[in-house]
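**Q** This is the structure I have questions about; it appears just below.
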Amino acid sequence: AGIPGLASTVADQLKGANFIVAEPGNTKAPADESAVFFTPGYEADAAAIAALLSPPPKVAPLPDPPPVDDMKSAHVLVVAAADLAAASG
C-alpha cells in the first residue's frame, strides 16, 4: 500500500491471534483496497482473518496470477491498503 510499517502491523495482529505469518512483502502493483485472498479450501480461514481486521476487507479467491511474486507456501494472502492504514493508525 506504500504505507511504511502497515504490513508488519497487520502481521502482528494476525500473530496475536495465533496465525502463522510469512515475512510480509509487497504486491506487484499498489492496491486500491485491502483484501484477503484464499486458495481452494481456505475460505473459512480467510474469513476469520478478515474479521480480525478493521474495517474487514473483502474475501475473495486468489486471482491468477496472484498479486505477489511469491506466495511463500501460504494459503491465504492479506493485501493491506490505505483503508486498513487509516484504521490501524
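Starting from 1 in every chain, residues are counted up; chains themselves are A, B, ... following the order of the C-alpha cells, and ligands are numbered from 1 as listed.
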Per DSSP on the backbone, filter chain A down to the residues in strand (DSSP E or B) and report them as a ChimeraX atom specification.
**A** /A:35-38,58-61,76-79
**Q** Just want the 12 Å neighbourhood of Ala50 (chain A), counted on only C-alpha atoms, with same-chain residues fewer than 3 positions away dropped. Output as a list of chain:residue names.
**A** A:Val10, A:Gln13, A:Leu14, A:Ala17, A:Ser34, A:Ala35, A:Val36, A:Phe37, A:Phe38, A:Glu43, A:Ala44, A:Asp45, A:Ala46, A:Ala47, A:Leu53, A:Ser54, A:Pro55, A:Pro56, A:Pro57, A:Lys58, A:Val59, A:Ala60, A:Val76, A:Leu77, A:Val78, A:Val79, A:Ala80, A:Leu84
**Q** Just asking: which residues within chain A are alpha helix (DSSP H) according to DSSP, as JSON, numbers by chain?
**A** {"A": [6, 7, 8, 9, 10, 11, 12, 13, 14, 15, 16, 43, 44, 45, 46, 47, 48, 49, 50, 51, 52, 82, 83, 84, 85, 86, 87, 88]}
**Q** Between A:Ala85, A:Ala51, A:Pro40, A:His75, single out the one closest to Ser8 (chain A), counting only C-alpha atoms.
**A**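 Going through A:Ala85, A:Ala51, A:Pro40, A:His75 one by one, the smallest distance to Ser8 (chain A) is for A:Ala85.
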